[in-house]
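Here is final.cif, consisting of mmCIF, C-alpha atoms, pLDDT in the B column; chains and numbers go by the auth columns:
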```cif
data_model
loop_
_atom_site.group_PDB
_atom_site.id
_atom_site.type_symbol
_atom_site.label_atom_id
_atom_site.label_comp_id
_atom_site.label_asym_id
_atom_site.label_seq_id
_atom_site.Cartn_x
_atom_site.Cartn_y
_atom_site.Cartn_z
_atom_site.B_iso_or_equiv
_atom_site.auth_seq_id
_atom_site.auth_asym_id
ATOM 1 C CA MET A 1 0.000 0.000 0.000 55.00 1 A
ATOM 2 C CA LEU A 2 1.313 3.452 -0.861 73.00 2 A
ATOM 3 C CA ASN A 3 2.607 5.487 2.064 87.00 3 A
ATOM 4 C CA THR A 4 3.271 8.686 0.103 91.00 4 A
ATOM 5 C CA LEU A 5 1.856 10.221 -3.052 94.00 5 A
ATOM 6 C CA LEU A 6 3.193 13.301 -4.825 95.00 6 A
ATOM 7 C CA ILE A 7 0.688 15.348 -6.810 96.00 7 A
ATOM 8 C CA THR A 8 2.281 17.439 -9.522 96.00 8 A
ATOM 9 C CA GLY A 9 0.988 19.112 -12.659 95.00 9 A
ATOM 10 C CA THR A 10 1.849 20.359 -16.078 94.00 10 A
ATOM 11 C CA ASP A 11 2.009 23.916 -14.720 89.00 11 A
ATOM 12 C CA THR A 12 0.644 26.231 -12.059 85.00 12 A
ATOM 13 C CA GLU A 13 -3.164 26.271 -11.850 85.00 13 A
ATOM 14 C CA ALA A 14 -3.408 22.794 -13.378 90.00 14 A
ATOM 15 C CA GLY A 15 -5.490 21.516 -10.470 92.00 15 A
ATOM 16 C CA LYS A 16 -2.994 20.026 -8.018 94.00 16 A
ATOM 17 C CA THR A 17 -4.757 21.530 -5.012 94.00 17 A
ATOM 18 C CA VAL A 18 -8.143 20.262 -6.189 94.00 18 A
ATOM 19 C CA LEU A 19 -6.836 16.715 -6.572 95.00 19 A
ATOM 20 C CA THR A 20 -4.920 16.824 -3.280 95.00 20 A
ATOM 21 C CA THR A 21 -8.031 18.088 -1.486 95.00 21 A
ATOM 22 C CA ALA A 22 -10.181 15.403 -3.092 95.00 22 A
ATOM 23 C CA LEU A 23 -7.797 12.608 -2.095 93.00 23 A
ATOM 24 C CA ALA A 24 -7.504 13.973 1.451 94.00 24 A
ATOM 25 C CA ALA A 25 -11.301 14.134 1.753 94.00 25 A
ATOM 26 C CA TYR A 26 -11.573 10.593 0.392 92.00 26 A
ATOM 27 C CA TRP A 27 -8.987 9.242 2.829 90.00 27 A
ATOM 28 C CA GLN A 28 -10.623 11.062 5.755 91.00 28 A
ATOM 29 C CA LYS A 29 -14.072 9.687 4.894 92.00 29 A
ATOM 30 C CA TYR A 30 -13.295 6.107 3.892 89.00 30 A
ATOM 31 C CA TYR A 31 -10.227 5.357 6.052 89.00 31 A
ATOM 32 C CA PRO A 32 -11.034 7.126 9.335 88.00 32 A
ATOM 33 C CA GLN A 33 -9.089 4.518 11.315 89.00 33 A
ATOM 34 C CA ARG A 34 -5.854 5.326 9.464 90.00 34 A
ATOM 35 C CA SER A 35 -3.739 8.408 10.088 91.00 35 A
ATOM 36 C CA TRP A 36 -2.810 10.769 7.288 92.00 36 A
ATOM 37 C CA GLY A 37 -0.860 13.938 6.733 94.00 37 A
ATOM 38 C CA ILE A 38 -0.491 16.583 4.080 96.00 38 A
ATOM 39 C CA MET A 39 2.495 18.592 2.884 95.00 39 A
ATOM 40 C CA LYS A 40 3.191 21.518 0.636 94.00 40 A
ATOM 41 C CA PRO A 41 6.968 21.154 1.056 94.00 41 A
ATOM 42 C CA ILE A 42 7.864 24.491 -0.515 94.00 42 A
ATOM 43 C CA GLN A 43 5.505 27.434 -0.805 92.00 43 A
ATOM 44 C CA SER A 44 6.033 30.938 -2.112 92.00 44 A
ATOM 45 C CA GLY A 45 3.403 33.402 -0.918 90.00 45 A
ATOM 46 C CA ILE A 46 0.072 32.717 0.769 88.00 46 A
ATOM 47 C CA GLY A 47 -1.834 29.823 -0.764 86.00 47 A
ATOM 48 C CA ASP A 48 -2.158 26.078 -0.365 89.00 48 A
ATOM 49 C CA ARG A 49 -0.917 25.690 3.207 91.00 49 A
ATOM 50 C CA GLU A 50 -3.529 28.153 4.419 92.00 50 A
ATOM 51 C CA TRP A 51 -6.174 26.417 2.319 92.00 51 A
ATOM 52 C CA TYR A 52 -5.520 23.026 3.904 93.00 52 A
ATOM 53 C CA GLN A 53 -5.477 24.520 7.395 92.00 53 A
ATOM 54 C CA LYS A 54 -8.859 26.099 6.727 91.00 54 A
ATOM 55 C CA LEU A 55 -10.500 23.040 5.193 92.00 55 A
ATOM 56 C CA PHE A 56 -9.148 20.204 7.367 92.00 56 A
ATOM 57 C CA THR A 57 -8.465 19.681 11.047 89.00 57 A
ATOM 58 C CA LEU A 58 -4.799 18.801 10.787 88.00 58 A
ATOM 59 C CA GLU A 59 -2.638 17.694 13.686 88.00 59 A
ATOM 60 C CA GLN A 60 0.268 19.477 12.060 91.00 60 A
ATOM 61 C CA SER A 61 1.920 22.818 12.642 92.00 61 A
ATOM 62 C CA ALA A 62 2.337 25.282 9.786 91.00 62 A
ATOM 63 C CA GLU A 63 6.027 24.314 9.622 92.00 63 A
ATOM 64 C CA GLU A 64 5.140 20.621 9.395 92.00 64 A
ATOM 65 C CA ILE A 65 2.822 21.310 6.477 94.00 65 A
ATOM 66 C CA THR A 66 5.267 23.664 4.754 94.00 66 A
ATOM 67 C CA PRO A 67 8.830 23.386 6.082 94.00 67 A
ATOM 68 C CA LEU A 68 10.176 25.879 3.542 94.00 68 A
ATOM 69 C CA TYR A 69 8.182 29.087 3.080 94.00 69 A
ATOM 70 C CA PHE A 70 9.035 32.256 1.177 94.00 70 A
ATOM 71 C CA GLN A 71 7.115 35.526 1.183 92.00 71 A
ATOM 72 C CA ALA A 72 7.178 36.412 -2.527 92.00 72 A
ATOM 73 C CA PRO A 73 4.880 34.405 -4.842 92.00 73 A
ATOM 74 C CA LEU A 74 7.758 33.543 -7.177 93.00 74 A
ATOM 75 C CA ALA A 75 9.812 30.510 -8.161 93.00 75 A
ATOM 76 C CA PRO A 76 11.734 29.307 -5.065 93.00 76 A
ATOM 77 C CA PRO A 77 15.267 30.264 -6.190 94.00 77 A
ATOM 78 C CA ILE A 78 14.052 33.774 -7.023 95.00 78 A
ATOM 79 C CA ALA A 79 11.953 34.134 -3.858 94.00 79 A
ATOM 80 C CA ALA A 80 14.836 32.820 -1.742 94.00 80 A
ATOM 81 C CA ALA A 81 17.303 35.283 -3.283 95.00 81 A
ATOM 82 C CA LYS A 82 15.015 38.183 -2.386 95.00 82 A
ATOM 83 C CA GLU A 83 15.236 37.099 1.261 94.00 83 A
ATOM 84 C CA ASN A 84 18.982 36.336 1.117 94.00 84 A
ATOM 85 C CA ARG A 85 18.191 32.683 1.845 93.00 85 A
ATOM 86 C CA GLN A 86 18.884 29.314 0.295 92.00 86 A
ATOM 87 C CA VAL A 87 16.422 26.648 -0.841 92.00 87 A
ATOM 88 C CA ASP A 88 17.258 24.156 1.906 93.00 88 A
ATOM 89 C CA LEU A 89 16.122 20.820 0.484 94.00 89 A
ATOM 90 C CA ALA A 90 17.705 18.900 3.377 94.00 90 A
ATOM 91 C CA LEU A 91 15.243 20.631 5.706 94.00 91 A
ATOM 92 C CA VAL A 92 12.347 19.647 3.446 94.00 92 A
ATOM 93 C CA TRP A 93 13.478 16.032 3.168 94.00 93 A
ATOM 94 C CA GLN A 94 13.885 15.700 6.944 94.00 94 A
ATOM 95 C CA ALA A 95 10.379 17.050 7.538 94.00 95 A
ATOM 96 C CA LEU A 96 8.884 14.753 4.907 94.00 96 A
ATOM 97 C CA SER A 97 10.714 11.702 6.262 93.00 97 A
ATOM 98 C CA LYS A 98 9.495 12.445 9.782 94.00 98 A
ATOM 99 C CA LEU A 99 5.874 12.850 8.656 94.00 99 A
ATOM 100 C CA ARG A 100 6.008 9.646 6.601 92.00 100 A
ATOM 101 C CA SER A 101 7.253 7.738 9.642 92.00 101 A
ATOM 102 C CA GLN A 102 4.367 9.046 11.756 91.00 102 A
ATOM 103 C CA ARG A 103 1.428 8.612 9.374 92.00 103 A
ATOM 104 C CA ASP A 104 -0.139 5.783 7.401 90.00 104 A
ATOM 105 C CA PHE A 105 -0.475 7.994 4.345 91.00 105 A
ATOM 106 C CA VAL A 106 0.982 11.343 3.258 94.00 106 A
ATOM 107 C CA LEU A 107 -0.176 13.536 0.394 95.00 107 A
ATOM 108 C CA VAL A 108 2.484 15.866 -0.983 96.00 108 A
ATOM 109 C CA GLU A 109 1.506 18.717 -3.283 95.00 109 A
ATOM 110 C CA ALA A 110 4.349 19.864 -5.496 93.00 110 A
ATOM 111 C CA LEU A 111 5.126 23.480 -6.273 89.00 111 A
ATOM 112 C CA GLY A 112 4.235 24.487 -9.820 88.00 112 A
ATOM 113 C CA GLY A 113 4.744 21.915 -12.560 90.00 113 A
ATOM 114 C CA LEU A 114 7.269 19.192 -13.238 93.00 114 A
ATOM 115 C CA GLY A 115 9.437 21.675 -15.100 93.00 115 A
ATOM 116 C CA SER A 116 9.235 24.390 -12.444 93.00 116 A
ATOM 117 C CA PRO A 117 12.582 25.384 -10.896 94.00 117 A
ATOM 118 C CA ILE A 118 13.154 24.303 -7.304 94.00 118 A
ATOM 119 C CA THR A 119 16.749 25.502 -7.139 93.00 119 A
ATOM 120 C CA GLU A 120 19.045 26.972 -9.774 92.00 120 A
ATOM 121 C CA GLU A 121 20.005 23.415 -10.746 93.00 121 A
ATOM 122 C CA LEU A 122 16.906 21.283 -10.046 95.00 122 A
ATOM 123 C CA THR A 123 13.341 21.146 -11.324 94.00 123 A
ATOM 124 C CA GLY A 124 10.303 19.567 -9.726 93.00 124 A
ATOM 125 C CA ALA A 125 10.858 16.497 -11.899 95.00 125 A
ATOM 126 C CA ASP A 126 14.452 16.174 -10.675 95.00 126 A
ATOM 127 C CA LEU A 127 13.297 16.268 -7.064 93.00 127 A
ATOM 128 C CA ALA A 128 10.496 13.744 -7.581 94.00 128 A
ATOM 129 C CA GLY A 129 12.941 11.403 -9.274 94.00 129 A
ATOM 130 C CA GLU A 130 15.729 11.760 -6.720 93.00 130 A
ATOM 131 C CA TRP A 131 13.337 11.271 -3.806 92.00 131 A
ATOM 132 C CA ARG A 132 11.627 8.329 -5.559 92.00 132 A
ATOM 133 C CA LEU A 133 8.151 9.554 -4.735 92.00 133 A
ATOM 134 C CA PRO A 134 5.187 7.806 -6.376 93.00 134 A
ATOM 135 C CA THR A 135 3.675 10.583 -8.483 95.00 135 A
ATOM 136 C CA VAL A 136 0.433 11.547 -10.185 96.00 136 A
ATOM 137 C CA LEU A 137 0.416 14.158 -12.960 97.00 137 A
ATOM 138 C CA VAL A 138 -2.548 16.560 -13.222 97.00 138 A
ATOM 139 C CA VAL A 139 -3.335 17.700 -16.768 97.00 139 A
ATOM 140 C CA PRO A 140 -5.948 20.456 -17.278 97.00 140 A
ATOM 141 C CA VAL A 141 -8.684 19.802 -19.829 97.00 141 A
ATOM 142 C CA ARG A 142 -8.156 22.340 -22.610 95.00 142 A
ATOM 143 C CA LEU A 143 -6.847 22.605 -26.143 95.00 143 A
ATOM 144 C CA GLY A 144 -3.224 21.510 -26.137 95.00 144 A
ATOM 145 C CA ALA A 145 -3.705 19.071 -23.254 96.00 145 A
ATOM 146 C CA ILE A 146 -2.485 16.095 -25.272 97.00 146 A
ATOM 147 C CA ALA A 147 0.825 17.815 -26.093 97.00 147 A
ATOM 148 C CA GLN A 148 1.220 18.905 -22.456 96.00 148 A
ATOM 149 C CA ALA A 149 0.661 15.352 -21.260 97.00 149 A
ATOM 150 C CA VAL A 150 3.166 13.913 -23.727 97.00 150 A
ATOM 151 C CA ALA A 151 5.837 16.525 -22.939 96.00 151 A
ATOM 152 C CA ASN A 152 5.472 16.200 -19.166 96.00 152 A
ATOM 153 C CA VAL A 153 5.500 12.414 -19.186 97.00 153 A
ATOM 154 C CA ALA A 154 8.680 12.579 -21.288 97.00 154 A
ATOM 155 C CA LEU A 155 10.227 14.919 -18.705 96.00 155 A
ATOM 156 C CA ALA A 156 9.138 12.579 -15.911 96.00 156 A
ATOM 157 C CA ARG A 157 10.798 9.623 -17.628 96.00 157 A
ATOM 158 C CA GLN A 158 13.979 11.596 -18.253 95.00 158 A
ATOM 159 C CA SER A 159 14.137 12.327 -14.520 96.00 159 A
ATOM 160 C CA CYS A 160 13.245 8.738 -13.510 96.00 160 A
ATOM 161 C CA VAL A 161 9.995 9.805 -11.827 95.00 161 A
ATOM 162 C CA ASN A 162 7.850 6.940 -10.532 94.00 162 A
ATOM 163 C CA LEU A 163 4.783 8.140 -12.447 94.00 163 A
ATOM 164 C CA LYS A 164 1.679 6.192 -11.413 93.00 164 A
ATOM 165 C CA GLY A 165 -0.843 7.867 -13.655 94.00 165 A
ATOM 166 C CA ILE A 166 -2.479 10.960 -15.103 96.00 166 A
ATOM 167 C CA VAL A 167 -5.547 12.725 -13.728 96.00 167 A
ATOM 168 C CA LEU A 168 -7.389 15.161 -15.977 97.00 168 A
ATOM 169 C CA ASN A 169 -8.932 18.249 -14.401 97.00 169 A
ATOM 170 C CA CYS A 170 -11.616 20.615 -15.644 96.00 170 A
ATOM 171 C CA VAL A 171 -10.299 24.022 -14.632 92.00 171 A
ATOM 172 C CA GLN A 172 -13.377 25.525 -16.291 93.00 172 A
ATOM 173 C CA PRO A 173 -16.835 24.044 -16.986 94.00 173 A
ATOM 174 C CA ARG A 174 -16.423 21.505 -19.814 95.00 174 A
ATOM 175 C CA THR A 175 -18.944 19.496 -21.779 95.00 175 A
ATOM 176 C CA ASP A 176 -18.554 15.759 -22.257 95.00 176 A
ATOM 177 C CA ALA A 177 -17.788 16.458 -25.926 96.00 177 A
ATOM 178 C CA GLU A 178 -14.999 18.902 -25.047 96.00 178 A
ATOM 179 C CA ILE A 179 -13.456 16.429 -22.598 96.00 179 A
ATOM 180 C CA ALA A 180 -13.610 13.653 -25.196 96.00 180 A
ATOM 181 C CA ASP A 181 -12.170 15.843 -27.968 96.00 181 A
ATOM 182 C CA TRP A 182 -9.469 17.663 -26.000 97.00 182 A
ATOM 183 C CA THR A 183 -8.331 14.866 -23.674 97.00 183 A
ATOM 184 C CA PRO A 184 -9.175 11.483 -25.249 97.00 184 A
ATOM 185 C CA TYR A 185 -8.157 8.859 -22.704 95.00 185 A
ATOM 186 C CA GLN A 186 -7.048 6.192 -25.137 96.00 186 A
ATOM 187 C CA LEU A 187 -4.904 8.532 -27.224 97.00 187 A
ATOM 188 C CA ILE A 188 -3.166 10.021 -24.179 97.00 188 A
ATOM 189 C CA GLN A 189 -2.536 6.560 -22.760 96.00 189 A
ATOM 190 C CA SER A 190 -1.228 5.312 -26.094 97.00 190 A
ATOM 191 C CA LEU A 191 1.135 8.263 -26.587 97.00 191 A
ATOM 192 C CA THR A 192 2.440 8.312 -23.013 97.00 192 A
ATOM 193 C CA ASN A 193 2.141 4.654 -22.017 96.00 193 A
ATOM 194 C CA THR A 194 0.700 5.968 -18.750 95.00 194 A
ATOM 195 C CA PRO A 195 -2.767 5.184 -17.377 94.00 195 A
ATOM 196 C CA VAL A 196 -5.365 7.948 -17.208 95.00 196 A
ATOM 197 C CA LEU A 197 -6.965 7.496 -13.789 94.00 197 A
ATOM 198 C CA GLY A 198 -9.991 9.682 -14.486 94.00 198 A
ATOM 199 C CA CYS A 199 -11.225 13.237 -14.876 96.00 199 A
ATOM 200 C CA LEU A 200 -12.131 15.722 -12.156 96.00 200 A
ATOM 201 C CA PRO A 201 -15.214 17.803 -12.963 95.00 201 A
ATOM 202 C CA TYR A 202 -15.279 21.561 -12.561 95.00 202 A
ATOM 203 C CA LEU A 203 -16.319 22.453 -9.002 92.00 203 A
ATOM 204 C CA ASP A 204 -17.927 25.763 -8.115 88.00 204 A
ATOM 205 C CA ASN A 205 -18.074 24.922 -4.386 87.00 205 A
ATOM 206 C CA LEU A 206 -14.586 24.219 -3.108 87.00 206 A
ATOM 207 C CA THR A 207 -15.606 23.673 0.532 88.00 207 A
ATOM 208 C CA ASP A 208 -17.871 20.618 0.110 91.00 208 A
ATOM 209 C CA LEU A 209 -15.703 17.771 1.438 94.00 209 A
ATOM 210 C CA ASP A 210 -18.360 15.147 0.690 93.00 210 A
ATOM 211 C CA LYS A 211 -18.312 16.217 -2.955 94.00 211 A
ATOM 212 C CA PHE A 212 -14.524 16.120 -2.987 94.00 212 A
ATOM 213 C CA ALA A 213 -14.569 12.585 -1.570 93.00 213 A
ATOM 214 C CA GLN A 214 -17.135 11.538 -4.160 93.00 214 A
ATOM 215 C CA ILE A 215 -15.130 12.787 -7.145 93.00 215 A
ATOM 216 C CA ALA A 216 -12.024 11.085 -5.767 92.00 216 A
ATOM 217 C CA SER A 217 -13.950 7.811 -5.521 90.00 217 A
ATOM 218 C CA ASP A 218 -14.714 8.105 -9.246 91.00 218 A
ATOM 219 C CA LEU A 219 -10.981 7.935 -10.019 91.00 219 A
ATOM 220 C CA ASP A 220 -9.069 4.680 -10.310 85.00 220 A
ATOM 221 C CA TRP A 221 -7.892 5.472 -6.802 71.00 221 A
ATOM 222 C CA GLU A 222 -8.268 2.083 -5.164 65.00 222 A
ATOM 223 C CA THR A 223 -5.926 0.549 -7.739 63.00 223 A
ATOM 224 C CA LEU A 224 -3.468 3.387 -7.179 67.00 224 A
ATOM 225 C CA ILE A 225 -3.154 3.287 -3.393 62.00 225 A
ATOM 226 C CA PHE A 226 -2.980 -0.480 -3.160 56.00 226 A
ATOM 227 C CA ARG A 227 -0.209 -0.796 -5.742 55.00 227 A
ATOM 228 C CA ASN A 228 3.319 0.077 -4.774 52.00 228 A
ATOM 229 C CA ASP A 229 5.320 -1.210 -7.744 51.00 229 A
#
```
Give the structure from this file in C-alpha cells form.
Amino acid sequence: MLNTLLITGTDTEAGKTVLTTALAAYWQKYYPQRSWGIMKPIQSGIGDREWYQKLFTLEQSAEEITPLYFQAPLAPPIAAAKENRQVDLALVWQALSKLRSQRDFVLVEALGGLGSPITEELTGADLAGEWRLPTVLVVPVRLGAIAQAVANVALARQSCVNLKGIVLNCVQPRTDAEIADWTPYQLIQSLTNTPVLGCLPYLDNLTDLDKFAQIASDLDWETLIFRND
C-alpha cells in the first residue's frame, strides 16, 4: 500500500490543489481509522498551506505542512534570493521523512509543474525522481492538453519519476464532448504509455468535502493506493 503520493501538474493552476483536497477528503471519509498527513513542502506566498489549514483539522503545525516558506509568490530560487536565503532541500526532506514515519499515508503537493525550478540546478521532476516519490500528474482539460501530457511524461521519464498515472482536471466548466475531444483517454494513454486514472469535474463549491470525496472515488484510486510497484 502506498505510504506517500506526490501530486504534480503540467504547470501552475493545473489543479494540483483540487486533486490533493479530493484525495484527502476521500482518505478522511473512507479510512477514518488510518492516520494521514499533508504537505506543501515548498511554498512561495500565501496559498495552499492556508487552504488546507482552513478546510481540514490537521494535527500538524504550519512548519510541518510547509517546512520551507518564502514571502514572494515567485519561483523558489528567485523568492529565496530576495530574502537572502537558500532553498534548503535537506530541511524539506527531513520534515517529509518524519511525517512519513508518523502517518499511514501522506499527500504531498508539489510546487508548480514538473518543469518548475526548485533551485538553480533542479526542477520539480528532478526532485520527484531523486526522492523516488510515487507521483500523479494533473493535466488540465483544454486545447493543447495532449501535447502537455506527452511533454510532461517525457520529462518525468527523463528524470526517472515513478509516475503512477495521469488525472485530468476541468479548470473551467467543460462538456462531455470537449473532454472527449481535447483529452481522449485512449490517445493520451497510447502516446504516453501511462494510465489515465480519471477526470475531475469543474467544481464551483470548493468547501464541500463530501463532494470532494465523491469525485475522488470516481478515479481509479483504489488501484493506485494499493499498488506500490
Q | For range 211-214 of chain A: contacts at 9 Å, all atoms listed in the file, fewer than 3 positions along chain excluded, given as a PyMOL selection string | A | chain A and resi 18-19+21-30+203+205-208+217-218
Grab all the atoms of range 110-118 of chain A that the file lists, wrap them in a box along x, y and z, add 4 Å per side, and give me centre plus edge lengths in Å (one decimal) as lines of an AutoDock Vina configuration file.
```
center_x = 8.7
center_y = 22.3
center_z = -10.3
size_x = 16.9
size_y = 14.2
size_z = 17.6
```
Q.
Restricting the calculation to all atoms listed in the file: of A:Trp182, A:Leu99, A:Gln189, A:Cys199, which residue gets closest to Val167 in chain A?
A. A:Cys199
Q) What is the CA of Leu155 in chain A-CA of Val138 in chain A distance in Å, reported with one decimal? A) 14.0 Å
Q. From the list A:Asp88, A:Glu109, A:Glu50, A:Glu63, which residue is nearest Thr17 in chain A when using only C-alpha atoms?
A.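 For Thr17 in chain A, the nearest of the given residues is A:Glu109.
Take the PyMOL selection byres ((chain A and resi 191) around 12) and apply it to this file: it picks Ile146, Ala147, Gln148, Ala149, Val150, Ala151, Asn152, Val153, Ala154, Thr183, Pro184, Tyr185, Gln186, Leu187, Ile188, Gln189, Ser190, Thr192, Asn193, Thr194, Pro195 and Val196 of chain A.
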Q. Looking at A:Ser61, A:Ser159, A:Thr135, A:Gln53, which one is nearest to Val108 in chain A, with distances taken over all atoms listed in the file?
A.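 Selected residue with least distance to Val108 in chain A: A:Thr135.
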**Q.** Spatial neighbours of Lys98 in chain A, max dist 12 Å, only C-alpha atoms, sep filter under 3 positions, as a list in words
**A.** Gly37, Met39, Gln60, Glu64, Ile65, Pro67, Leu91, Val92, Trp93, Gln94, Ala95, Ser101, Gln102, Arg103, Asp104 and Val106 of chain A
Q | Point-to-point distance in Å for CA of Asp210 in chain A and CA of Ile42 in chain A | A |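 Interatomic distance here is 27.9 Å.
With only C-alpha atoms as the atoms that count, the residue of A:Thr12, A:Asn84, A:Asn162, A:Thr20 with the shortest distance to Leu133 in chain A is A:Asn162.
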Please return range 170-187 of chain A, rebuilt to N, CA and C atoms, as an mmCIF file, in the coordinates of the input.
```
data_model
loop_
_atom_site.group_PDB
_atom_site.id
_atom_site.type_symbol
_atom_site.label_atom_id
_atom_site.label_comp_id
_atom_site.auth_asym_id
_atom_site.auth_seq_id
_atom_site.Cartn_x
_atom_site.Cartn_y
_atom_site.Cartn_z
ATOM 1 N N CYS A 170 -10.863 19.545 -14.971
ATOM 2 C CA CYS A 170 -11.616 20.615 -15.644
ATOM 3 C C CYS A 170 -11.443 21.910 -14.860
ATOM 4 N N VAL A 171 -10.541 22.753 -15.316
ATOM 5 C CA VAL A 171 -10.299 24.022 -14.632
ATOM 6 C C VAL A 171 -11.415 25.022 -14.905
ATOM 7 N N GLN A 172 -12.187 24.758 -15.943
ATOM 8 C CA GLN A 172 -13.377 25.525 -16.291
ATOM 9 C C GLN A 172 -14.495 24.530 -16.603
ATOM 10 N N PRO A 173 -15.760 24.975 -16.605
ATOM 11 C CA PRO A 173 -16.835 24.044 -16.986
ATOM 12 C C PRO A 173 -16.592 23.488 -18.386
ATOM 13 N N ARG A 174 -16.657 22.172 -18.527
ATOM 14 C CA ARG A 174 -16.423 21.505 -19.814
ATOM 15 C C ARG A 174 -17.566 20.545 -20.110
ATOM 16 N N THR A 175 -17.939 20.467 -21.368
ATOM 17 C CA THR A 175 -18.944 19.496 -21.779
ATOM 18 C C THR A 175 -18.274 18.134 -21.969
ATOM 19 N N ASP A 176 -19.097 17.098 -22.003
ATOM 20 C CA ASP A 176 -18.554 15.759 -22.257
ATOM 21 C C ASP A 176 -17.841 15.715 -23.604
ATOM 22 N N ALA A 177 -18.392 16.443 -24.588
ATOM 23 C CA ALA A 177 -17.788 16.458 -25.926
ATOM 24 C C ALA A 177 -16.417 17.127 -25.888
ATOM 25 N N GLU A 178 -16.290 18.214 -25.147
ATOM 26 C CA GLU A 178 -14.999 18.902 -25.047
ATOM 27 C C GLU A 178 -13.964 18.007 -24.361
ATOM 28 N N ILE A 179 -14.375 17.335 -23.292
ATOM 29 C CA ILE A 179 -13.456 16.429 -22.598
ATOM 30 C C ILE A 179 -12.996 15.321 -23.538
ATOM 31 N N ALA A 180 -13.944 14.750 -24.278
ATOM 32 C CA ALA A 180 -13.610 13.653 -25.196
ATOM 33 C C ALA A 180 -12.707 14.115 -26.338
ATOM 34 N N ASP A 181 -12.950 15.341 -26.830
ATOM 35 C CA ASP A 181 -12.170 15.843 -27.968
ATOM 36 C C ASP A 181 -10.794 16.360 -27.560
ATOM 37 N N TRP A 182 -10.715 17.026 -26.410
ATOM 38 C CA TRP A 182 -9.469 17.663 -26.000
ATOM 39 C C TRP A 182 -8.560 16.726 -25.215
ATOM 40 N N THR A 183 -9.140 15.769 -24.504
ATOM 41 C CA THR A 183 -8.331 14.866 -23.674
ATOM 42 C C THR A 183 -8.816 13.421 -23.836
ATOM 43 N N PRO A 184 -8.737 12.867 -25.037
ATOM 44 C CA PRO A 184 -9.175 11.483 -25.249
ATOM 45 C C PRO A 184 -8.290 10.501 -24.476
ATOM 46 N N TYR A 185 -8.910 9.751 -23.586
ATOM 47 C CA TYR A 185 -8.157 8.859 -22.704
ATOM 48 C C TYR A 185 -7.233 7.929 -23.482
ATOM 49 N N GLN A 186 -7.811 7.224 -24.452
ATOM 50 C CA GLN A 186 -7.048 6.192 -25.137
ATOM 51 C C GLN A 186 -5.837 6.766 -25.875
ATOM 52 N N LEU A 187 -6.015 7.927 -26.492
ATOM 53 C CA LEU A 187 -4.904 8.532 -27.224
ATOM 54 C C LEU A 187 -3.799 8.971 -26.271
#
```
